[in-house]
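Before any comments, here is the structure.
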Amino acid sequence: MSHTSHSRQRPSEDPLWEEPPFDPAEIVPARERDLDATEVRSDEPGLDGGIAPEVGEPGLDDGEVILEGEVAEPPPPTVAPEREPPPRTPPPAPPLTPPDKPVGGRWRTLRRGLVRGLLGLFLGYQLWCLGHIFWWREHAPTSTAFMAEGLKRLQQKNPAATLSHIWVPYEAMATPLKRAVLAAEDSGFRDHFGFDWNGLHAALERNLNKGRIVSGGSTISQQLAKNLFLSSSRSVWRKVEEALITLMLESLLSKRRILEIYLNCIEWGNGVYGIEAAARHYYKISAAELTPGQAATLASMIPQPRYFDRVRHAASLKRKSAIIAKRMSMVKLPG
């Protein structure tokens with residue numbers, strides 16, 4: 001199938017040539033014109049009878065002439081090349097944290113913290129005791145641990161109960177009283193540094209023979225440490241603390257001052273503390289007026305003051321008072 005070409009070209013060498021009138025019916029689309037001029041059928045296998053342009057024929061892409069009024073096909077849309085996405089910035093690495101400690105390590109850390117805390121409390125308590133003792137070198141104690149314990153016990157029965165306690169200086173105490181107390185509680189008071197090892201050994205033998213605790217073997221310094229700071233309960237911890245406070249007392253206070261505080265603070269009856277209150281409670285006199293017999297009786301009451309406050313004529317009290325009266329002259333007072 002062939003078609004006549006409708007292309008109009010002006011002869012370049014004919015000056016008399018005139019362009020014929022324009023007939024719109026003669027306009028043939030460029031693509032159909034090209035196909036009509038170049039259409040051939042291929043009988044070669046593999047081309048499926050397709051139409052192929054002859055080599056060398058000009059087309060739209062090879063300087064094709066478009067007549068006036070002819071509409072050109074729009075060029076294919078320009079597809080922008082796909083841009084590669086910018087490289088993704090990896091998220092910041094999490095802060096380095098130490099690896100979890102094993103259970104055993106945590107327990108050791110907890111145990112060390114607990115030990116340090118207990119040690120801190122222990123040292124703090126020792127400093128607290130030391131500060132009080134230093135203050136008592138020049139000032140009289142107004143209360144003790146035993147006084148607070150006794151007041152609490154009395155107020156459980158009578159909320160309005162009070163203690164009987166009057167401080168008197170060392171010079172205002174009868175000399176027989178000082179000798180009687182040392183003969184009954186600590187005859188070697190002047191010579192030891194808070195602990196009487198011979199007395200402790202003798203007390204241990206007595207307790208073993210009786211099968212029960214009948215004697216503690218504590219010195220006056222040890223008893224004062226317990227009265228000032230500790231409770232009446234018995235435990236290993238209390239004995240250790242008692243020993244430490246005893247060393248503080250012996251280091252900071254003179255023997256005379258230790259005995260003065262002791263006689264003014266120990267319990268001598270139910271709610272009765274100190275020798276002045278005891279002398280008034282039992283004999284209606286002052287501590288300076290006590291006789292040797294009265295002093296021996298009051299010294300005999302020290303181990304069980306509340307019991308002998310109720311049973312003042314007990315036979316055991318009279319026997320012990322007689323023994324103390326015989327020993328009073330052998331005791332040396334602190335300077």
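Chain labels follow the order of the structure tokens: the first chain is A, the next B, and so on; residue numbering restarts at 1 in every chain, and ligands are counted from 1 in their shown order.
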
Margin query: Can you tell me which residues surround Glu149 of chain A at a distance of at most 10 Å, considering only C-alpha atoms, apart from same-chain residues fewer than 3 positions away, and format the answer as a ChimeraX atom specification?
Written below: /A:144-146,152-154,230-232

Would you export the selected residues with N, CA and C atoms as a JSON list (two decimals), in the first residue's frame, please?
```json
[["chain", "number", "residue", "atom", "x", "y", "z"],
["A", 144, "THR", "N", 19.97, 10.46, 134.95],
["A", 144, "THR", "CA", 20.74, 9.34, 134.44],
["A", 144, "THR", "C", 19.80, 8.36, 133.75],
["A", 145, "ALA", "N", 20.40, 7.36, 133.08],
["A", 145, "ALA", "CA", 19.57, 6.35, 132.41],
["A", 145, "ALA", "C", 18.75, 5.57, 133.42],
["A", 146, "PHE", "N", 19.31, 5.27, 134.59],
["A", 146, "PHE", "CA", 18.58, 4.53, 135.61],
["A", 146, "PHE", "C", 17.47, 5.39, 136.21],
["A", 152, "LYS", "N", 9.90, 6.06, 134.64],
["A", 152, "LYS", "CA", 8.94, 5.43, 133.74],
["A", 152, "LYS", "C", 8.19, 4.30, 134.45],
["A", 153, "ARG", "N", 8.90, 3.57, 135.26],
["A", 153, "ARG", "CA", 8.28, 2.46, 135.99],
["A", 153, "ARG", "C", 7.26, 2.99, 137.00],
["A", 154, "LEU", "N", 7.58, 4.08, 137.70],
["A", 154, "LEU", "CA", 6.66, 4.65, 138.68],
["A", 154, "LEU", "C", 5.43, 5.25, 138.02],
["A", 230, "LEU", "N", 23.43, 3.34, 130.61],
["A", 230, "LEU", "CA", 22.88, 2.07, 130.15],
["A", 230, "LEU", "C", 21.62, 1.68, 130.91],
["A", 231, "SER", "N", 21.10, 0.51, 130.57],
["A", 231, "SER", "CA", 19.89, 0.01, 131.23],
["A", 231, "SER", "C", 20.26, -1.09, 132.21],
["A", 232, "SER", "N", 19.28, -1.59, 132.92],
["A", 232, "SER", "CA", 19.52, -2.65, 133.89],
["A", 232, "SER", "C", 19.51, -4.04, 133.27]]
```

Checklist line | Close residues, segment 122-138 of chain A itself excluded, 8 Å, only C-alpha atoms, min 4 positions apart in chain, as a VMD selection string | finding: chain A and resid 118 229 245 248 to 249 252 to 253 257

Output file for the selection above: C-alpha atoms, as an mmCIF file, in the first residue's frame:
```cif
data_model
loop_
_atom_site.group_PDB
_atom_site.id
_atom_site.type_symbol
_atom_site.label_atom_id
_atom_site.label_comp_id
_atom_site.auth_asym_id
_atom_site.auth_seq_id
_atom_site.Cartn_x
_atom_site.Cartn_y
_atom_site.Cartn_z
ATOM 1 C CA LEU A 118 26.555 0.519 112.314
ATOM 2 C CA PHE A 229 24.199 5.632 130.283
ATOM 3 C CA ILE A 245 32.439 4.009 129.309
ATOM 4 C CA MET A 248 36.268 7.105 129.669
ATOM 5 C CA LEU A 249 35.318 7.818 133.286
ATOM 6 C CA LEU A 252 38.567 12.070 132.331
ATOM 7 C CA LEU A 253 37.485 12.136 135.981
ATOM 8 C CA ARG A 257 34.803 12.969 141.311
#
```

Notebook entry, point to check: Taking the backbone alone, and naming residues the way the document does, which bits of segment 67-299 of chain A are strand (DSSP E) by DSSP, as an NGL selection string?
Noted result: :A and (164-165 or 267-269 or 272-273)

Those residues with all heavy atoms, as an mmCIF file, in the first residue's frame please?
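Saved result, result25.cif, follows:
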```cif
data_model
loop_
_atom_site.group_PDB
_atom_site.id
_atom_site.type_symbol
_atom_site.label_atom_id
_atom_site.label_comp_id
_atom_site.auth_asym_id
_atom_site.auth_seq_id
_atom_site.Cartn_x
_atom_site.Cartn_y
_atom_site.Cartn_z
ATOM 1 N N SER A 164 12.785 11.354 143.872
ATOM 2 C CA SER A 164 13.398 12.092 144.980
ATOM 3 C C SER A 164 14.908 12.084 144.758
ATOM 4 O O SER A 164 15.553 11.043 144.890
ATOM 5 C CB SER A 164 13.042 11.442 146.320
ATOM 6 O OG SER A 164 13.687 12.117 147.383
ATOM 7 N N HIS A 165 15.459 13.237 144.416
ATOM 8 C CA HIS A 165 16.887 13.329 144.107
ATOM 9 C C HIS A 165 17.399 14.714 144.462
ATOM 10 O O HIS A 165 16.853 15.726 143.990
ATOM 11 C CB HIS A 165 17.138 13.045 142.621
ATOM 12 C CG HIS A 165 18.558 13.258 142.221
ATOM 13 N ND1 HIS A 165 18.925 14.184 141.263
ATOM 14 C CD2 HIS A 165 19.714 12.680 142.651
ATOM 15 C CE1 HIS A 165 20.238 14.152 141.096
ATOM 16 N NE2 HIS A 165 20.738 13.261 141.934
ATOM 17 N N GLU A 267 20.598 4.388 142.887
ATOM 18 C CA GLU A 267 19.255 4.184 143.453
ATOM 19 C C GLU A 267 19.387 3.668 144.877
ATOM 20 O O GLU A 267 20.167 2.763 145.165
ATOM 21 C CB GLU A 267 18.491 3.181 142.593
ATOM 22 C CG GLU A 267 17.033 3.001 143.003
ATOM 23 C CD GLU A 267 16.294 2.027 142.108
ATOM 24 O OE1 GLU A 267 16.969 1.248 141.411
ATOM 25 O OE2 GLU A 267 15.045 2.048 142.112
ATOM 26 N N TRP A 268 18.540 4.241 145.786
ATOM 27 C CA TRP A 268 18.580 3.827 147.186
ATOM 28 C C TRP A 268 17.193 3.475 147.724
ATOM 29 O O TRP A 268 17.001 3.318 148.913
ATOM 30 C CB TRP A 268 19.185 4.929 148.051
ATOM 31 C CG TRP A 268 20.482 4.495 148.685
ATOM 32 C CD1 TRP A 268 20.657 3.420 149.497
ATOM 33 C CD2 TRP A 268 21.756 5.129 148.559
ATOM 34 N NE1 TRP A 268 21.964 3.317 149.899
ATOM 35 C CE2 TRP A 268 22.673 4.358 149.323
ATOM 36 C CE3 TRP A 268 22.240 6.229 147.886
ATOM 37 C CZ2 TRP A 268 24.022 4.679 149.451
ATOM 38 C CZ3 TRP A 268 23.576 6.548 148.017
ATOM 39 C CH2 TRP A 268 24.452 5.787 148.783
ATOM 40 N N GLY A 269 16.265 3.344 146.831
ATOM 41 C CA GLY A 269 14.921 2.971 147.236
ATOM 42 C C GLY A 269 13.991 3.173 146.042
ATOM 43 O O GLY A 269 14.419 3.516 144.929
ATOM 44 N N VAL A 272 13.982 6.752 144.935
ATOM 45 C CA VAL A 272 14.939 7.506 145.751
ATOM 46 C C VAL A 272 16.324 7.365 145.121
ATOM 47 O O VAL A 272 16.835 6.251 144.979
ATOM 48 C CB VAL A 272 14.960 6.993 147.205
ATOM 49 C CG1 VAL A 272 15.960 7.787 148.033
ATOM 50 C CG2 VAL A 272 13.572 7.070 147.821
ATOM 51 N N TYR A 273 16.942 8.512 144.788
ATOM 52 C CA TYR A 273 18.247 8.503 144.123
ATOM 53 C C TYR A 273 19.180 9.491 144.815
ATOM 54 O O TYR A 273 18.840 10.657 145.020
ATOM 55 C CB TYR A 273 18.112 8.867 142.646
ATOM 56 C CG TYR A 273 17.385 7.802 141.851
ATOM 57 C CD1 TYR A 273 15.994 7.778 141.786
ATOM 58 C CD2 TYR A 273 18.086 6.806 141.176
ATOM 59 C CE1 TYR A 273 15.325 6.792 141.066
ATOM 60 C CE2 TYR A 273 17.427 5.818 140.443
ATOM 61 C CZ TYR A 273 16.053 5.825 140.390
ATOM 62 O OH TYR A 273 15.390 4.839 139.700
#
```

Checklist line | Which of segment 74-223 of chain A fall in helix (DSSP H, G or I), as an MDAnalysis selection string | finding: chainID A and resid 103:135 145:157 170:172 175:185 197:210 220:223

Using the selection just defined, write its residues with C-alpha atoms as a short mmCIF file (atom, residue, chain, number, x, y, z; two decimals), in the first residue's frame.
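File written: result35.cif
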```
data_model
loop_
_atom_site.label_atom_id
_atom_site.label_comp_id
_atom_site.auth_asym_id
_atom_site.auth_seq_id
_atom_site.Cartn_x
_atom_site.Cartn_y
_atom_site.Cartn_z
CA VAL A 103 23.67 -10.94 93.17
CA GLY A 104 26.71 -11.78 95.25
CA GLY A 105 28.27 -8.38 94.49
CA ARG A 106 25.08 -6.54 95.47
CA TRP A 107 24.93 -8.43 98.74
CA ARG A 108 28.54 -7.57 99.51
CA THR A 109 27.89 -3.90 98.76
CA LEU A 110 24.81 -3.92 100.99
CA ARG A 111 26.70 -5.66 103.74
CA ARG A 112 29.56 -3.17 103.57
CA GLY A 113 27.09 -0.28 103.72
CA LEU A 114 25.35 -1.82 106.72
CA VAL A 115 28.63 -2.39 108.54
CA ARG A 116 29.73 1.19 107.87
CA GLY A 117 26.39 2.52 109.09
CA LEU A 118 26.56 0.52 112.31
CA LEU A 119 30.15 1.54 112.85
CA GLY A 120 29.20 5.18 112.37
CA LEU A 121 26.39 4.86 114.94
CA PHE A 122 28.71 3.12 117.37
CA LEU A 123 31.39 5.80 117.11
CA GLY A 124 28.80 8.56 117.30
CA TYR A 125 27.40 7.11 120.53
CA GLN A 126 30.88 6.89 122.05
CA LEU A 127 31.52 10.53 121.23
CA TRP A 128 28.16 11.45 122.76
CA CYS A 129 29.09 9.65 126.00
CA LEU A 130 32.55 11.20 125.99
CA GLY A 131 31.09 14.69 125.65
CA HIS A 132 28.76 14.16 128.62
CA ILE A 133 31.54 12.86 130.82
CA PHE A 134 33.72 15.83 129.93
CA TRP A 135 30.84 18.16 130.86
CA ALA A 145 19.57 6.35 132.41
CA PHE A 146 18.58 4.53 135.61
CA MET A 147 16.64 7.57 136.83
CA ALA A 148 14.70 7.74 133.56
CA GLU A 149 13.98 4.02 133.76
CA GLY A 150 12.82 4.32 137.38
CA LEU A 151 10.55 7.29 136.64
CA LYS A 152 8.94 5.43 133.74
CA ARG A 153 8.28 2.46 135.99
CA LEU A 154 6.66 4.65 138.68
CA GLN A 155 4.50 6.58 136.23
CA GLN A 156 3.04 3.37 134.82
CA LYS A 157 1.23 3.04 138.14
CA TYR A 170 31.47 15.54 148.23
CA GLU A 171 32.27 17.54 151.38
CA ALA A 172 28.62 17.43 152.50
CA THR A 175 33.00 10.22 156.04
CA PRO A 176 31.59 6.95 157.50
CA LEU A 177 29.25 6.74 154.54
CA LYS A 178 32.11 6.97 152.03
CA ARG A 179 34.05 4.27 153.86
CA ALA A 180 30.99 2.04 154.18
CA VAL A 181 30.18 2.22 150.46
CA LEU A 182 33.77 1.48 149.44
CA ALA A 183 33.96 -1.46 151.90
CA ALA A 184 30.71 -2.90 150.52
CA GLU A 185 31.19 -2.34 146.79
CA TRP A 197 40.40 -8.52 138.17
CA ASN A 198 40.74 -10.16 141.59
CA GLY A 199 37.22 -9.11 142.44
CA LEU A 200 35.91 -10.48 139.13
CA HIS A 201 37.62 -13.83 139.77
CA ALA A 202 36.19 -14.03 143.28
CA ALA A 203 32.70 -13.13 142.04
CA LEU A 204 32.92 -15.86 139.35
CA GLU A 205 33.82 -18.48 141.96
CA ARG A 206 30.92 -17.43 144.19
CA ASN A 207 28.48 -17.60 141.30
CA LEU A 208 29.74 -21.07 140.34
CA ASN A 209 29.40 -22.32 143.91
CA LYS A 210 25.85 -20.99 144.22
CA ILE A 220 32.20 1.56 141.41
CA SER A 221 33.39 2.96 138.10
CA GLN A 222 31.61 0.17 136.19
CA GLN A 223 28.43 0.64 138.20
#
```

Check: For the atom pair atom CA of Ser300 of chain A and atom CA of Lys226 of chain A, what is the interatomic distance in Å to one decimal place?
Finding: 19.3 Å
